[in-house]
Amino acid sequence: MSILLNVENYKVYYRTLSGYIRAVDGVYLSVDKGKIIGVVGESGSGKSTLALSLVLPKPPMVIKGGRVIFDNSIDMLNLNTNERRKLLFTRISIIPQYSLDALPVIKKIRKLITDLARDKNIDVEELLNLFKERLKTVNLPDRVLDMYPIELSGGMRQRVVIAISTLLKPDLLIADEPTSALDVVTQRQVLELLTDLRDQGIIRSLIFITHDIAAVRQIADKIATMYAGKIVEIGDLESTITSPLHPYTSLLIKSVPSLEVSYRTKTLRGLGGIPPSLLNPPEGCRFHPRCPYVKPTCTREEPPLVKVGSSYVACWLYSKR
Amino acid sequence: MPLATYIFKRLIIYLIVFVVAVTIIWALIRFAPGDPALTSVLRAMIAPGVRYTPEQIEVFKQRAIEMLGLNLPLHEQYILFWRKLLIGDLGWSTYFTAPVTQKLNEIIVYDIILITPATITSWFLGNWLGSLAARKKVLDKVLIPIIYVLTATPYFLLGLLMAYIFGVVYGIFKPVITSTDIKMLFTNPSLDALVNFLKAYTLPFLSLVLVAMGGWASGMRTLMIYELESNYARYMESIGLSDRLIASYAFRYAINPQITGLGIQLGTVIIGGLALSGIFNYPGAGITLIYAINYRDVFLIQGIAIYYTLMVILANFIIDLVYILVDPRLRLGLVGV
Amino acid sequence: MSNLTKSIVWILIKRNYKFWTCLSIVLFIIMLALLGPYSTPYKPNDVVTPRLPPQSSHPFGTDNLGYDVFSASVYGLRVSLMVGFVAAVVATTVGVTLGLIAGLKGGIVDSIIDSITNILIAIPTVFIMIIVGTFYVTGAGAGTARELLNMIFIGTTIGLLMWHWTARAVRSQVIALKTSDYVAVSILSGNSSFKVLIKDILPNIASYILLVFVIQLANGLATSVTLEFLGIKASEWSLFARVMQWLQMGALIAHVWWAWLIPGALIVMLIASLYIIVLALDEVFNPRLRRI
């Protein structure tokens, strides 16, 4: 299985008045070609930063180290603005968290696509036709082209953004919380759409970022769990869901209520405590203040990411000290 | 609401504004301490250097009172005032010894040819400059003091500076202008007249443009910075679009309040015009006012106030019409939505 | 404001060079106006040798008519500053009050205030200032009570013709706050309207009102100074009252530039600094405007 994106010891901080916020603090990740990987975590775990830093690393965001290699050849951290611009939209694309707001309101969609084409030196007619095709895939009518974004509903706007971002069949699509602002029915539609796009070859690989483990379960091939700026577990979907290794992943899964089981039969195990400050993360394993299996080692040393079966996990339960 | 109704409504509003403004001006002058109108007319009647007996002065006074209609009850005076106004009679200027309206008709032309191009130029230049400062962070540091010093400079001061540097020290332009300099180009056009015109016109024009430009630039800068931080700008950047394209979108958003601002800014530009007219002796309302104030020529002062208020209101109305052309939402009747 | 917010605000202000430079300039000029008159032996209407360039006995030189420019500047600054300050106080007080009322009460009261605002915006108020200044103000000798009265009068007039945009701005802030959640909570928890006003709304627009005041001060100064030039002055000692006289006497041609350039530079630096202070504070309070 060839690897599309390889992330090693990646560090992305935010420079603030009080110091560095260590949003991504030594992340290891790899995205296989043609696969969907879900990055799951609480709010403030750094998962959005992980995605955004690849696409738009702007101050106060600061890349502090690591290696990110795209398609075995491109060093993402040493790109200049022009090179990055060439990559964006053609090979790497993003569906932002604010996609309901992402379209400029004052221009008709057609104008946006036309400007897009001219700016990227693509034939305008070609791109418009491509866009019309894409509109079909996302289940929107052609006349959307001649409308203003304010005339569209939120869900429609998001689908327009998905259509635009996938126009040139990017190798890697990053979807940042695409289902968070939607109702359950629409959520499912979006998830199906994304899977469809992958199956039709319109997107090759997808990084799906969310806090909603139930959503990611529907489409991901692999799940990576992030906590306080670190990857704590990566594994394929089934094994992670049925037998999660890391206590955090396990608690996350257990905190999703299942429809058929009543509370009387099986109580929800919640996750106590609050996410740690990324300004001054806890010593040792960052999860230790909330972990039910905490040992003395956990409070002193950070566990390394080790292979356990077909998964990777960073937890002293699985490493020797 | 349909377009015609909208225009009609605006017209009514402006009419009301005009009536209120004129009433305030009339009242302020009518009730000013020392009865300046009466004094002014009296003075004009009295020949200089001649001694009059108190009885003779009393006669003059009665005549003046009758002329001004001050013996009428107040509301009739008000109506009389409006009747005169509607036929264009703004009274008699003691300074010019001519009807006020006649003088003002001449003066307004000079002011219009100075203020209108200056306003338009400064609007375009200012918006461009502000947008530039917003886009280029490096330039911004230098541009902020420049922009703010420009907008902070009172018009007459910049006029003084320009007159001194380019008029006196470098002698390229004329620090003092006569009305012939301006008039010549239109009555007797020739290359000489053109050169002379430019020598006279340029400095007041530049002063007006530079200060006004500062104002537009500071506003546009803030608006652009705000737009460049918006979600659509971020998205466009995330899909690798060029800074230039993103800036053009942001500009299109940011320019809207600047367009509405044009009407509002007119009041300020008038002040600039007045000040510069004073400094350069440019034959506009400014220098006329300065003489009128010195001479206590009541009707001239009142006349300028009323005339120019009317002009400003008219200009506001025209800008409203232009705005309708520019903004498709208004045309489509989405006003008030 | 919570303690964390206060400290962030303080740190941001500390690091904002624009703010401190301009604040120093403003304070320096105010000092000049307050203490300057004590450091010069001359009064602005003492005639000495005309047209002397800046030198040790006359740090700003003397003008065309023989007056010492330094004393004219420092005394004149006092007058202009006073007028501008009064204008700002009046404009802010009236504007904030009416803006609050319009925003909170809404309905007819709002419409009335809105109409008045619209009228004031549409007419060139400078003419009203000129009429009032010409016919309602009598010249005053320097240092007399009449002079003080004049300054307050002219300042108030300017203020009364400037309050409308403050009112507009405050009104929209109040309306935005009115519909916010914590005001809703406050009302729900039984606070009277007055209490809501004092406890919830006012503290949140306090910083805004401060900024508005500073802008009005700058505008008031600019207006007062221009009016002086046009012939409407509170006192014989107004900064730019003599400019027309100088021009008519050919001061420009006589190259007596220090007479108008130095006071001019002082005023411009003062006004520009006030604007930049507002810009800097705006950046502190509004993160979207920060340039990183």
# chains A, B, ... in the order shown; residues from 1 in each chain; ligands from 1

call {"tool": "closest_atom_pairs", "arguments": {"of": "chain A", "to": "chain C", "cutoff": "8 Å", "atoms": "only C-alpha atoms", "output": "CSV"}}
result
residue,atom,partner,partner_atom,distance
A:Leu17,CA,C:Ile8,CA,7.6
A:Pro59,CA,C:Ile292,CA,6.8
A:Pro60,CA,C:Ile292,CA,7.2

call {"tool": "write_last_selection", "arguments": {"atoms": "N, CA and C atoms", "output": "PDB file, in the first residue's frame"}}
result
ATOM      1  N   LEU A  17       0.665  35.603  23.306  1.00  0.00           N
ATOM      2  CA  LEU A  17       1.267  36.463  24.305  1.00  0.00           C
ATOM      3  C   LEU A  17       1.736  35.696  25.528  1.00  0.00           C
ATOM      4  N   PRO A  59       0.928  32.989  10.357  1.00  0.00           N
ATOM      5  CA  PRO A  59       1.025  33.415  11.749  1.00  0.00           C
ATOM      6  C   PRO A  59      -0.373  33.668  12.302  1.00  0.00           C
ATOM      7  N   PRO A  60      -0.616  33.419  13.554  1.00  0.00           N
ATOM      8  CA  PRO A  60       0.305  33.018  14.596  1.00  0.00           C
ATOM      9  C   PRO A  60       0.688  31.537  14.603  1.00  0.00           C
TER      10      PRO A  60
END

call {"tool": "interface_residues", "arguments": {"of": "chain C", "to": "chain B", "cutoff": "6 Å", "atoms": "only C-alpha atoms", "output": "PDB file with C-alpha atoms, in the first residue's frame"}}
result
ATOM      1  CA  ILE C 119     -30.927  66.082   8.935  1.00  0.00           C
ATOM      2  CA  ILE C 123     -26.601  69.699   5.833  1.00  0.00           C
ATOM      3  CA  PRO C 124     -23.179  71.293   5.763  1.00  0.00           C
ATOM      4  CA  PHE C 127     -22.373  77.358   7.715  1.00  0.00           C
ATOM      5  CA  PHE C 135     -23.164  87.022  14.896  1.00  0.00           C
ATOM      6  CA  LEU C 230     -12.057  81.839   8.719  1.00  0.00           C
ATOM      7  CA  LEU C 252       4.562  84.034   2.493  1.00  0.00           C
ATOM      8  CA  VAL C 268      -1.197  68.417  12.932  1.00  0.00           C
ATOM      9  CA  ILE C 271      -4.609  65.623  15.731  1.00  0.00           C
ATOM     10  CA  ALA C 272      -2.759  62.837  13.912  1.00  0.00           C
TER      11      ALA C 272
END

call {"tool": "interface_residues", "arguments": {"of": "chain A", "to": "chain B", "cutoff": "9 Å", "atoms": "only C-alpha atoms", "output": "PyMOL selection string"}}
result
chain A and resi 52+55-56+82+84-90+92-96+98-99+101-107+115-116+119-120+165

call {"tool": "residues_around", "arguments": {"residues": "Leu98 in chain C", "least_positions_apart": "3", "cutoff": "8 Å", "atoms": "only C-alpha atoms", "output": "VMD selection string"}}
result
chain C and resid 94 to 95 101 to 102 113 167

call {"tool": "residues_around", "arguments": {"residues": "Leu317 in chain A", "least_positions_apart": "4", "cutoff": "10 Å", "atoms": "only C-alpha atoms", "output": "PyMOL selection string"}}
result
chain A and resi 245-247+293-295+298+303+313+321

call {"tool": "residues_around", "arguments": {"residues": "range 73-86 of chain C", "least_positions_apart": "2", "cutoff": "6 Å", "atoms": "only C-alpha atoms", "output": "ChimeraX atom specification"}}
result
/C:33,36,69-71,88-89,151,155,217,220-221,237-239,263

call {"tool": "closest_residue", "arguments": {"among": "A:Trp316, A:Pro282, A:Lys11, A:Leu50", "to": "Pro296 in chain A", "atoms": "only C-alpha atoms"}}
result
A:Trp316

call {"tool": "atom_distance", "arguments": {"atom1": "CA of Ser277 in chain B", "atom2": "CA of Val100 in chain B"}}
result
18.4 Å

call {"tool": "residues_around", "arguments": {"residues": "Leu104 in chain B", "least_positions_apart": "5", "cutoff": "9 Å", "atoms": "only C-alpha atoms", "output": "number ranges by chain"}}
result
B: 99, 109, 284-285, 300, 303-304, 307

call {"tool": "residues_around", "arguments": {"residues": "Ser179 in chain B", "least_positions_apart": "5", "cutoff": "10 Å", "atoms": "only C-alpha atoms", "output": "ChimeraX atom specification"}}
result
/B:107,110,184,197,200,281-284

call {"tool": "select_by_dssp", "arguments": {"residues": "range 23-105 of chain B", "states": "strand (DSSP E)", "output": "list in words"}}
result
Trp92, Ser93, Ala98 and Pro99 of chain B

call {"tool": "closest_residue", "arguments": {"among": "A:Glu260, A:Leu112, A:Ser53, A:Phe131", "to": "Pro149 in chain A", "atoms": "only C-alpha atoms"}}
result
A:Leu112
